[in-house]
Amino acid sequence: MDIQEELRASVEHLRERGIGEVDVAIVLGTGLGGLVNEIEELLGISYSQIPNLPVATVEFHFGKLIYGKLGGKRVLAWQGRFHYYEGHTMEQVVKPVRISKMLGARALIISNAAGSLNPDIRKGALMCIEDHISLFPDSPLRGNNLDAFGNRFPDMREPYDVELSRSLFQVARELDIPLFKGVYVGVPGPQLETRAEYRYLRTIGADAVGMSTVPEVIAAAHLKIPCAAVSVITDECNPEHLTPFKINEVLTIAKKSEPLLTRLFAHFIDRLTFDGR
């Protein structure tokens with residue numbers, strides 16, 4: 001079974017389970033699943049029940065797909081994502097994005113937990129990603145092009161939709177939620193970076209570093225799904241003042257920032273409009 005057949009089988013199964021058309025797809029990152037509590041849930045499905053979908057192995061990623069309504073939109077929320085460092089192929093990592101598109105999604109919203117490389121962006125802050133740098137050794141588009149999904153050479157001038165990002169900032173101002181903007185660098189992980197690597201990442205122009213998001217955004221650009229992404233800054237990566245990395249502290253910071261992110265995304269989705277509706 002090739003990748004397109006696998007995706008079609010996954011979509012067919014989801015439709016049979018009761019998932020209808022989708023307006024907005026949401027990928028929720030580490031410790032950031034609280035938005036699902038705002039969704040008027042119509043259906044919840046464990047990833048393990050969806051054919052041809054890998055199972056998330058990171059213990060703090062729920063691995064559940066939520067379909068419902070939020071802000072008058074039909075949303076599909078992926079509560080937990082797949083990471084390259086788990087051993088998944090890039091094709092597997094971006095399956096949620098492709099499935100969402102096949103179900104009709106017209107916008108993609110992504111969240112992640114990230115480490116700050118910019119001394120002006122501190123722990124607990126939210127950062128709207130305006131661009132990214134990929135240091136992954138692979139691309140979800142490598143191999144034969146899936147012509148039904150997009151062109152062989154997708155344009156990456158603006159992988160993060162300018163209008164969606166502008167709307168995010170407008171909502172943040174109205175809600176009095178501080179929102180930074182910056183460049184996210186995606187690394188394969190799972191090890192954290194050395195002091196020299198943090199210096200390098202800052203030198204090449206990154207404001208935050210993480211182990212996700214970039215493959216999903218590349219897939220979205222290929223599919224021509226408008227995309228916006230926000231990082232929750234959960235640790236500070238100053239190479240001159242590094243402290244031992246503790247995942248529990250990262251999850252604690254993410255939990256404290258989650259209500260702000262949830263308010264921002266909920267109001268943002270409510271504000272979204274689509275041509276023809």
# chains A, B, ... in the order shown; residues from 1 in each chain; ligands from 1
>>> closest_atom_pairs(of="range 117-177 of chain A", to="range 99-109 of chain A", cutoff="10 Å", atoms="only C-alpha atoms", output="CSV")
residue,atom,partner,partner_atom,distance
A:Phe149,CA,A:Lys101,CA,9.1
A:Tyr160,CA,A:Leu108,CA,9.8
A:Asp161,CA,A:Ala107,CA,9.5
A:Leu164,CA,A:Ala107,CA,8.9
>>> write_last_selection(atoms="N, CA and C atoms", output="PDB file, in the first residue's frame")
ATOM      1  N   PHE A 149      -1.325  16.305  -4.310  1.00  0.00           N
ATOM      2  CA  PHE A 149      -1.215  17.172  -3.150  1.00  0.00           C
ATOM      3  C   PHE A 149      -0.594  18.527  -3.485  1.00  0.00           C
ATOM      4  N   TYR A 160       4.325  30.661   6.672  1.00  0.00           N
ATOM      5  CA  TYR A 160       3.395  31.073   7.727  1.00  0.00           C
ATOM      6  C   TYR A 160       2.568  32.219   7.159  1.00  0.00           C
ATOM      7  N   ASP A 161       1.277  31.980   7.015  1.00  0.00           N
ATOM      8  CA  ASP A 161       0.414  32.910   6.308  1.00  0.00           C
ATOM      9  C   ASP A 161       0.419  34.292   6.967  1.00  0.00           C
ATOM     10  N   LEU A 164      -3.063  35.368   8.464  1.00  0.00           N
ATOM     11  CA  LEU A 164      -3.384  34.653   9.695  1.00  0.00           C
ATOM     12  C   LEU A 164      -2.550  35.175  10.857  1.00  0.00           C
TER      13      LEU A 164
END
>>> select_by_dssp(residues="range 52-252 of chain A", states="strand (DSSP E)", output="ChimeraX atom specification")
/A:64-70,73-79,107-116,126-134,179-186,208-210,227-236
>>> residues_around(residues="Ser116 in chain A", least_positions_apart="2", cutoff="6 Å", atoms="only C-alpha atoms", output="ChimeraX atom specification")
/A:118,208,236-237
>>> write_last_selection(atoms="N, CA and C atoms", output="tab-separated table (two decimals), in the first residue's frame")
chain	number	residue	atom	x	y	z
A	118	ASN	N	16.57	33.89	22.14
A	118	ASN	CA	16.56	35.35	22.15
A	118	ASN	C	16.41	35.83	23.59
A	208	ALA	N	14.03	30.83	18.54
A	208	ALA	CA	13.57	29.72	19.37
A	208	ALA	C	13.91	28.42	18.66
A	236	GLU	N	14.94	28.66	28.61
A	236	GLU	CA	15.82	29.66	28.03
A	236	GLU	C	17.19	29.03	27.76
A	237	CYS	N	17.65	29.22	26.53
A	237	CYS	CA	18.85	28.51	26.06
A	237	CYS	C	20.03	29.47	25.90
>>> residues_around(residues="Tyr85 in chain A", least_positions_apart="3", cutoff="12 Å", atoms="only C-alpha atoms", output="list in words")
Ala56, Thr57, Val58, Arg81, Phe82, His88, Thr89, Met90, Gln92, Val93, Phe136, Pro137, Asp138, Gly186, Val187, Pro188, Gly189, Pro190, Gln191, Leu192, Gly210, Met211 and Ser212 of chain A
>>> write_last_selection(atoms="C-alpha atoms", output="mmCIF file, in the first residue's frame")
data_model
loop_
_atom_site.group_PDB
_atom_site.id
_atom_site.type_symbol
_atom_site.label_atom_id
_atom_site.label_comp_id
_atom_site.auth_asym_id
_atom_site.auth_seq_id
_atom_site.Cartn_x
_atom_site.Cartn_y
_atom_site.Cartn_z
ATOM 1 C CA ALA A 56 2.708 8.734 19.606
ATOM 2 C CA THR A 57 5.357 7.316 21.949
ATOM 3 C CA VAL A 58 5.987 10.469 23.993
ATOM 4 C CA ARG A 81 1.918 14.901 17.457
ATOM 5 C CA PHE A 82 4.494 12.579 15.927
ATOM 6 C CA HIS A 88 8.863 7.882 12.525
ATOM 7 C CA THR A 89 9.521 8.669 8.897
ATOM 8 C CA MET A 90 8.775 12.177 7.701
ATOM 9 C CA GLN A 92 4.398 9.493 9.070
ATOM 10 C CA VAL A 93 5.105 12.749 10.892
ATOM 11 C CA PHE A 136 16.215 18.188 9.850
ATOM 12 C CA PRO A 137 18.198 15.704 7.719
ATOM 13 C CA ASP A 138 15.092 14.798 5.713
ATOM 14 C CA GLY A 186 13.659 22.855 13.836
ATOM 15 C CA VAL A 187 16.217 20.258 14.956
ATOM 16 C CA PRO A 188 15.917 16.457 14.895
ATOM 17 C CA GLY A 189 16.587 15.765 18.607
ATOM 18 C CA PRO A 190 15.923 14.100 20.943
ATOM 19 C CA GLN A 191 19.096 15.332 22.641
ATOM 20 C CA LEU A 192 19.247 18.945 23.704
ATOM 21 C CA GLY A 210 12.340 22.918 18.942
ATOM 22 C CA MET A 211 11.973 19.407 17.550
ATOM 23 C CA SER A 212 8.707 19.658 15.616
#
>>> select_by_dssp(residues="range 46-226 of chain A", states="helix (DSSP H, G or I)", output="VMD selection string")
chain A and resid 47 to 49 84 to 86 90 to 93 95 to 102 162 to 174 195 to 203 214 to 223
>>> write_last_selection(atoms="C-alpha atoms", output="compact mmCIF listing (two decimals), in the first residue's frame")
# COMPACT_ATOMS: atom_id res chain seq x y z
CA TYR A 47 -4.79 7.46 17.30
CA SER A 48 -4.47 3.71 17.84
CA GLN A 49 -7.95 3.28 16.33
CA TYR A 84 11.03 12.55 13.81
CA TYR A 85 13.11 11.60 16.88
CA GLU A 86 10.60 8.88 17.79
CA MET A 90 8.78 12.18 7.70
CA GLU A 91 5.80 10.75 5.78
CA GLN A 92 4.40 9.49 9.07
CA VAL A 93 5.10 12.75 10.89
CA LYS A 95 0.09 12.35 8.05
CA PRO A 96 -2.17 14.47 10.30
CA VAL A 97 -1.66 17.49 8.04
CA ARG A 98 -2.43 15.53 4.89
CA ILE A 99 -5.44 13.79 6.44
CA SER A 100 -6.76 17.17 7.59
CA LYS A 101 -6.49 18.55 4.07
CA MET A 102 -8.27 15.52 2.63
CA VAL A 162 0.82 36.67 6.70
CA GLU A 163 -2.90 37.37 7.09
CA LEU A 164 -3.38 34.65 9.69
CA SER A 165 -0.39 35.91 11.67
CA ARG A 166 -1.64 39.49 11.45
CA SER A 167 -5.00 38.35 12.79
CA LEU A 168 -3.27 36.52 15.65
CA PHE A 169 -1.52 39.71 16.68
CA GLN A 170 -4.73 41.70 16.47
CA VAL A 171 -6.53 39.22 18.72
CA ALA A 172 -3.57 39.19 21.13
CA ARG A 173 -3.70 42.99 21.43
CA GLU A 174 -7.45 42.94 22.06
CA ARG A 195 26.49 25.45 24.29
CA ALA A 196 28.28 25.74 20.95
CA GLU A 197 25.15 24.64 19.10
CA TYR A 198 23.02 27.23 20.90
CA ARG A 199 25.51 29.92 19.87
CA TYR A 200 25.39 28.65 16.29
CA LEU A 201 21.59 28.61 16.17
CA ARG A 202 21.41 32.18 17.45
CA THR A 203 24.09 33.26 14.97
CA VAL A 214 8.83 22.42 10.51
CA PRO A 215 7.89 19.14 8.75
CA GLU A 216 4.18 19.87 9.25
CA VAL A 217 4.54 23.39 7.87
CA ILE A 218 6.43 22.11 4.82
CA ALA A 219 3.61 19.63 4.17
CA ALA A 220 1.05 22.43 4.60
CA ALA A 221 2.91 24.62 2.09
CA HIS A 222 2.91 21.71 -0.37
CA LEU A 223 -0.84 21.33 0.13
>>> closest_residue(among="A:Ile233, A:Leu146, A:Met156, A:Val55", to="Tyr184 in chain A", atoms="only C-alpha atoms")
A:Ile233
>>> closest_residue(among="A:Asp131, A:Asp147, A:Glu6, A:Glu258", to="Leu28 in chain A", atoms="only C-alpha atoms")
A:Glu258
>>> closest_residue(among="A:Lys246, A:Arg17, A:Arg8, A:His83", to="Pro54 in chain A", atoms="only C-alpha atoms")
A:His83
>>> atom_distance(atom1="CA of Ile26 in chain A", atom2="CA of Trp78 in chain A")
6.0 Å
